[in-house]
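J.: Got a structure for you, written out below as structure tokens; questions coming shortly.
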Amino acid sequence: MPRHDIVIVGAGPGGYVAAIRGAQLGFDVAVVEKEEALGGTCVRVGCIPSKALLESSERFQETREKLADHGITVKDVGLDLAAMHRRKARVVKQNTDGVAYLFKKNRITRYHGQGELLGGGRVSVHGGESNHTLEAGHIVLATGSVPVSLPGVELAVDLIGTSTEALDYDQVPESLVVIGAGYIGLELGSVWARLGSKVTVLEYFDRILPGMDLETAKEALKVFKRQGLGFRLGARVTGAEAKGTGRSRSVVVEVEGGEPVEAARVLVAVGRAPASAGLGLERAGVELDERGRVRVDGGFATSATGVYAIGDLIPGPMLAHKAQEDGVALMERLAGGAGHVDYGLVPGIVYTDPEIATVGRSEEQLQEEGIPYRKGVFPFTANGRARALGKTDGRVKILAHEETDRVLGVHIIGPRAGDLIAEAVAGMTYHASAEDLARTIHAHPTLAEAVKEAALAVDERAIHL
């Protein structure tokens, strides 16, 4: 019976990063993964392929509609969707191959198959190339999450699907209904809208991007509408049914109290749930909470001795980088260190055009908590680099404590917002004040100057406004 110091079930961002860090710390680490390729949902059918399509579709739209502004004339712009998908596949393979290389480099043992807890520090591996029973001093569950649907909406791969199917449409749907105006729905809706689909987004709440800073979400809605996306907010979807035959097949989506919507395809993007099925949790004594998440203490330990859980299986943002930090923190704790993750400082990014990035508290949260604050806002229309790029939609908003000036939240919509938010996360991690950001020298001309100017605006002294 093979024995290892640590057995990790799942090779997604949380699992593979935990494995690498554990190996660096001197542990004998093994990873159980049921898919042939490593990297989990994020690398194979999530973060990476979606960003590849977002990049390709943005370039297509820019070539067709915006290059003339730069004095570049392009005639007869065409779309080769198959080539776009081939590029996406290459990008995915580069990443999965990269994870496999890192496993080899760090001498991590990989077992191909479904991992299942047997109790007593044992894990069964079955359904892959061969069956094994593994023993370990520590077992880490890192199986991530799966898409969920709605009552009355039965998934049918050819017409009604999740993000997995929407990444691989073999032709641009004439029309597409996206159920859910969160990160995934807006990103993939943007991809297919750019490529020519008539996209309608249905959202249960009366706003897009539920949970995000409301003012920023309202700004984003204006931009998306200008880009041609249609929205029906406050729309409760009660069912979806296919009609027609052959090439004329379509889907009718029923909306409570409103007109139904008919489309060639439907993308269900209403959220994700922990992927805990088939793990043998009950047998091993691993408890779940009321939302189906694995219960853990402050050190990621479950109710079963020697069993831990990280990433989307446990509370906290369902984001790849959060899972990675969980994995690193757990390994360092197992090695006798003090690993910790501040879930209040996990940035969220929507990779649309413009990008949307956020970290910390929103205005609504500060108001609900009764925390006094000041606000600084700086638009990209006043940023020289953004003007040169021709990408001036959006702004940077910084929220700072009224008395201490400590930065409490940063919300950005604009070009490369996902990169710009890193400065805010770094500053907030070390309790920076708005004055600290304002006094930091930013190179000119850069997009990052908008962050500096927003920090200055907290004290009503922005230079370029």
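Here's how to read the names in the structure tokens: chain A, B, ... by the order shown, residue numbers from 1 in each chain, ligand numbers from 1 in the order shown.
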Please report, as CSV, each residue of stretch 242-357 of chain A lying at most 9 Å from stretch 146-168 of chain A, together with the nearest pair of atoms and the separation in Å rounded to one decimal; use only C-alpha atoms, and order rows by chain and ascending residue number.
T.:
```
residue,atom,partner,partner_atom,distance
A:Ala242,CA,A:Leu159,CA,7.6
A:Arg249,CA,A:Leu159,CA,8.3
A:Ser250,CA,A:Leu159,CA,7.2
A:Val251,CA,A:Leu159,CA,7.0
A:Val253,CA,A:Val153,CA,8.6
A:Ala264,CA,A:Leu159,CA,7.1
A:Arg265,CA,A:Leu159,CA,5.0
A:Val266,CA,A:Ile160,CA,4.7
A:Leu267,CA,A:Gly161,CA,5.3
A:Val268,CA,A:Thr162,CA,5.1
A:Ala269,CA,A:Thr162,CA,6.3
A:Val270,CA,A:Ser149,CA,6.6
A:Gly271,CA,A:Val148,CA,5.9
A:Arg272,CA,A:Pro147,CA,4.3
A:Ala273,CA,A:Val146,CA,5.4
A:Pro274,CA,A:Val146,CA,6.4
A:Ala275,CA,A:Val146,CA,5.7
```
J.: Among the residues of stretch 187-269 of chain A, find those DSSP assigns to helix (DSSP H, G or I) from the backbone and print them as a VMD selection string.
T.: chain A and resid 187 to 194 214 to 226 246 to 248
J.: Counting only C-alpha atoms, give me one row per residue of stretch 204-278 of chain A with an atom at most 12 Å from an atom of stretch 367-378 of chain A, showing the shortest contact pair and its distance in Å to one decimal, sorted by chain then residue number, as a Markdown table.
T.:
```
| residue | atom | partner | partner_atom | distance |
| --- | --- | --- | --- | --- |
| A:Asp213 | CA | A:Gln367 | CA | 11.7 |
| A:Glu215 | CA | A:Val377 | CA | 11.2 |
| A:Thr216 | CA | A:Val377 | CA | 10.9 |
```
J.: Hey, can you spit out that residue selection with C-alpha atoms as a PDB file, in the first residue's frame?
T.:
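Generated file (selection-v5.pdb):
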```
ATOM      1  CA  ASP A 213     -19.843  47.812  -5.438  1.00  0.00           C
ATOM      2  CA  GLU A 215     -21.862  52.329  -8.332  1.00  0.00           C
ATOM      3  CA  THR A 216     -19.212  50.373 -10.230  1.00  0.00           C
TER       4      THR A 216
END
```
J.: May I ask which of the residues A:Glu35, A:Glu187, A:Asp459, A:Glu129 is the closest one to A:Glu355, counting only C-alpha atoms?
T.: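 Comparing A:Glu35, A:Glu187, A:Asp459, A:Glu129 against A:Glu355, the winner is A:Glu187.
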J.: Would you write out, as a tab-separated table, a table of all residues in stretch 387-441 of chain A that have an atom no more than 12 Å from an atom of stretch 66-86 of chain A, listing for each the closest atom pair and the distance in Å to one decimal, considering only C-alpha atoms and ordering rows by chain and rising residue number?
T.:
```
residue	atom	partner	partner_atom	distance
A:Ala388	CA	A:His70	CA	9.9
A:Leu389	CA	A:His70	CA	9.7
A:Gly390	CA	A:Asp69	CA	8.7
A:Lys391	CA	A:Lys66	CA	10.7
```
J.: From the set A:Ala434, A:Val199, A:Ala443, A:Val223, which residue has the shortest atom-to-atom contact distance to A:Asp393, counting only C-alpha atoms?
T.: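 Closest residue, counting only C-alpha atoms: A:Val223.
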J.: Write out as a PyMOL selection string the residues lying within 12 Å of A:Glu449, counting only C-alpha atoms and excluding same-chain residues fewer than 5 positions away.
T.: chain A and resi 378-380+382-386+395-396+420+423+437-444+454-456+462-464
J.: Write the residues of the preceding selection, restricted to C-alpha atoms, as a compact mmCIF listing (two decimals), in the first residue's frame.
T.:
```txt
# COMPACT_ATOMS: atom_id res chain seq x y z
CA PHE A 378 -10.69 59.43 -11.02
CA PRO A 379 -11.94 58.76 -14.58
CA PHE A 380 -9.82 57.16 -17.29
CA ALA A 382 -8.44 62.11 -17.81
CA ASN A 383 -5.57 59.60 -18.01
CA GLY A 384 -3.03 60.19 -20.80
CA ARG A 385 -2.13 56.54 -21.30
CA ALA A 386 -5.79 55.53 -21.55
CA ARG A 395 -12.73 54.97 -13.47
CA VAL A 396 -10.90 54.16 -10.25
CA LEU A 420 -4.09 47.60 -11.54
CA GLU A 423 -1.33 47.67 -6.18
CA LEU A 437 -0.88 55.56 -2.36
CA ALA A 438 -1.02 59.25 -3.25
CA ARG A 439 2.62 59.81 -2.19
CA THR A 440 3.90 56.79 -4.14
CA ILE A 441 5.66 57.79 -7.36
CA HIS A 442 3.87 56.39 -10.41
CA ALA A 443 5.59 56.43 -13.80
CA HIS A 444 4.12 58.65 -16.50
CA ALA A 454 -8.03 58.55 -7.11
CA ALA A 455 -6.02 58.40 -3.87
CA LEU A 456 -5.36 62.13 -4.16
CA ALA A 462 -6.40 65.26 -7.67
CA ILE A 463 -4.05 67.00 -10.09
CA HIS A 464 -5.63 66.16 -13.44
```
J.: Using only C-alpha atoms, which residues sit within 7 Å of A:Ala181 once same-chain residues fewer than 5 positions away are excluded, as a list in words?
T.: Leu186, Val201, Leu202, Glu203, Ile208 and Leu209 of chain A
J.: Write the selection just made, keeping C-alpha atoms, as a CSV table (one decimal), in the first residue's frame?
T.:
```csv
chain,number,residue,atom,x,y,z
A,186,LEU,CA,-20.8,38.6,-18.5
A,201,VAL,CA,-28.7,38.6,-20.2
A,202,LEU,CA,-31.4,37.7,-17.6
A,203,GLU,CA,-30.7,38.5,-14.0
A,208,ILE,CA,-25.7,43.1,-12.5
A,209,LEU,CA,-22.7,41.8,-10.6
```
J.: Nearest residue to A:Ala37 out of A:Thr96, A:Gln24, A:Asn131, A:Ser56, using only C-alpha atoms?
T.: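 Ranked by minimum distance to A:Ala37, first place goes to A:Thr96.
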J.: Could you please determine the separation between atom CA of A:Gly127 and atom CA of A:Ala11 in Å, to one decimal place?
T.: 16.1 Å
